[in-house]
Amino acid sequence: MGFRLRPTSSCTRACPLHNLQILLLLGLILVALAPLTAGKSDGMDPYIELRCRCTNTISGIPFNSISLVNVYRPGVHCADVEVIATLKNGQKTCLDPNAPGVKRIVMKILEGY
Amino acid sequence: MIPATRSLLCAALLLLATSRLATGAPIANELRCQCLQTMAGIHLKNIQSLKVLPSGPHCTQTEVIATLKNGREACLDPEAPLVQKIVQKMLKGVPK
């Protein structure tokens with residue numbers, strides 16, 4: 001048989017072009033699935049950070065900008081208390097647990113202002 | 001291109017676009033209350049971290065969610081005096 005430069009359009013099985021299409025689809029699907037997995041693992045946060053999270057702290061932020069406050073107790077991973085506020089714009093910032101303003105903010109949230 | 005293959009290609013592209021959009025979007029807060037029941041308090045040494053959510057459009061109640069050392073989460077009553085003491089102690093950095 002001579003080498004055919006162009007496969008005929010009637011070719012429907014065991015055709016290299018067809019196999020290439022299938023492989024392309026499979027690749028696309030796999031690529032699409034990967035970010036979802038990454039997203040989920042971010043959301044679940046199954047592991048404790050094995051180190052302190054806060055290197056710099058500030059003594060206070062505007063009360064209205066707070067979306068939620070996380071308070072982490074000292075443990076084997078970190079000897080300090082850490083207070084991490086998530087702002088309404090999505091940013092996270094570390095607060096100084098010793099600052100009176102921070103205590104006031106947290107207690108104010110508890111009272112339901 | 002074979003019609004069946006074209007359909008699969010469209011489906012794959014749609015899935016890809018959807019996942020990219022989901023990845024790019026910021027992680028939104030829960031859009032509803034997270035606590036159905038609350039406890040008056042738990043022992044401080046069982047607590048690993050505490051999450052305090054002020055009331056807002058998503059929820060009319062202030063919510064306090066404790067993550068225990070065994071990985072579970074428990075909702076605490078923000079108005080209970082014991083809960084407020086727990087928070088104060090945590091901010092003081094009481095060693096376990």
# chains A, B, ... in the order shown; residues from 1 in each chain; ligands from 1

call {"tool": "interface_residues", "arguments": {"of": "chain A", "to": "chain B", "cutoff": "7 Å", "atoms": "only C-alpha atoms", "output": "mmCIF file with N, CA and C atoms, in the first residue's frame"}}
result
data_model
loop_
_atom_site.group_PDB
_atom_site.id
_atom_site.type_symbol
_atom_site.label_atom_id
_atom_site.label_comp_id
_atom_site.auth_asym_id
_atom_site.auth_seq_id
_atom_site.Cartn_x
_atom_site.Cartn_y
_atom_site.Cartn_z
ATOM 1 N N LEU A 25 -9.923 15.597 24.202
ATOM 2 C CA LEU A 25 -11.061 15.746 25.107
ATOM 3 C C LEU A 25 -10.707 15.287 26.510
ATOM 4 N N LEU A 28 -8.599 17.837 28.249
ATOM 5 C CA LEU A 28 -9.364 19.001 28.689
ATOM 6 C C LEU A 28 -10.137 18.702 29.964
ATOM 7 N N ILE A 29 -10.743 17.533 30.000
ATOM 8 C CA ILE A 29 -11.534 17.180 31.183
ATOM 9 C C ILE A 29 -10.641 17.102 32.411
ATOM 10 N N ALA A 32 -9.683 20.470 33.594
ATOM 11 C CA ALA A 32 -10.804 21.170 34.208
ATOM 12 C C ALA A 32 -11.037 20.700 35.631
ATOM 13 N N PRO A 35 -8.429 22.163 39.123
ATOM 14 C CA PRO A 35 -8.638 23.336 39.988
ATOM 15 C C PRO A 35 -9.726 23.117 41.016
ATOM 16 N N LEU A 36 -10.757 22.359 40.681
ATOM 17 C CA LEU A 36 -11.818 22.126 41.656
ATOM 18 C C LEU A 36 -11.260 21.439 42.890
ATOM 19 N N GLY A 39 -9.417 23.913 44.891
ATOM 20 C CA GLY A 39 -10.326 24.809 45.580
ATOM 21 C C GLY A 39 -10.907 24.162 46.824
ATOM 22 N N SER A 67 -15.207 41.043 58.898
ATOM 23 C CA SER A 67 -16.147 40.023 58.479
ATOM 24 C C SER A 67 -16.203 38.891 59.499
ATOM 25 N N LEU A 68 -15.051 38.487 60.016
ATOM 26 C CA LEU A 68 -15.006 37.496 61.084
ATOM 27 C C LEU A 68 -13.650 37.548 61.743
ATOM 28 N N VAL A 69 -13.584 36.998 62.951
ATOM 29 C CA VAL A 69 -12.336 36.999 63.714
ATOM 30 C C VAL A 69 -12.029 35.575 64.144
ATOM 31 N N ASN A 70 -10.808 35.139 63.889
ATOM 32 C CA ASN A 70 -10.341 33.836 64.348
ATOM 33 C C ASN A 70 -9.348 34.034 65.475
ATOM 34 N N VAL A 71 -9.518 33.288 66.559
ATOM 35 C CA VAL A 71 -8.579 33.343 67.668
ATOM 36 C C VAL A 71 -7.955 31.964 67.822
ATOM 37 N N TYR A 72 -6.636 31.896 67.732
ATOM 38 C CA TYR A 72 -5.936 30.618 67.841
ATOM 39 C C TYR A 72 -5.182 30.563 69.164
ATOM 40 N N ARG A 73 -5.397 29.478 69.900
ATOM 41 C CA ARG A 73 -4.690 29.315 71.160
ATOM 42 C C ARG A 73 -3.251 28.906 70.904
ATOM 43 N N PRO A 74 -2.375 29.162 71.867
ATOM 44 C CA PRO A 74 -0.999 28.665 71.725
ATOM 45 C C PRO A 74 -1.007 27.138 71.715
ATOM 46 N N VAL A 81 -0.598 33.512 71.192
ATOM 47 C CA VAL A 81 -1.992 33.646 70.794
ATOM 48 C C VAL A 81 -2.018 34.432 69.494
ATOM 49 N N PRO A 97 -2.982 40.510 70.182
ATOM 50 C CA PRO A 97 -3.917 40.080 71.232
ATOM 51 C C PRO A 97 -3.757 40.860 72.525
ATOM 52 N N ILE A 109 -18.174 42.388 69.461
ATOM 53 C CA ILE A 109 -18.839 41.452 68.545
ATOM 54 C C ILE A 109 -19.714 40.485 69.340
ATOM 55 N N LEU A 110 -19.171 39.992 70.459
ATOM 56 C CA LEU A 110 -19.937 39.030 71.254
ATOM 57 C C LEU A 110 -21.234 39.635 71.768
ATOM 58 N N GLU A 111 -21.186 40.930 72.104
ATOM 59 C CA GLU A 111 -22.390 41.560 72.633
ATOM 60 C C GLU A 111 -23.412 41.824 71.537
ATOM 61 N N GLY A 112 -23.024 41.613 70.306
ATOM 62 C CA GLY A 112 -23.950 41.786 69.202
ATOM 63 C C GLY A 112 -24.240 43.242 68.894
#

call {"tool": "atom_distance", "arguments": {"atom1": "CA of Met107 (chain A)", "atom2": "CA of Cys94 (chain A)"}}
result
17.0 Å

call {"tool": "atom_distance", "arguments": {"atom1": "CA of Ile66 (chain A)", "atom2": "CA of Asn98 (chain A)"}}
result
18.5 Å

call {"tool": "atom_distance", "arguments": {"atom1": "CA of Ala79 (chain A)", "atom2": "CA of Met39 (chain B)"}}
result
28.1 Å

call {"tool": "closest_residue", "arguments": {"among": "B:Thr38, B:Ala4, B:Asn46, B:Leu31", "to": "Lys69 (chain B)", "atoms": "only C-alpha atoms"}}
result
B:Asn46

call {"tool": "select_by_dssp", "arguments": {"residues": "region 41-106 of chain A", "states": "alpha helix (DSSP H)", "output": "list in words"}}
result
Ser41, Asp42, Gly43, Met44, Pro100, Gly101, Val102, Lys103, Arg104, Ile105 and Val106 of chain A
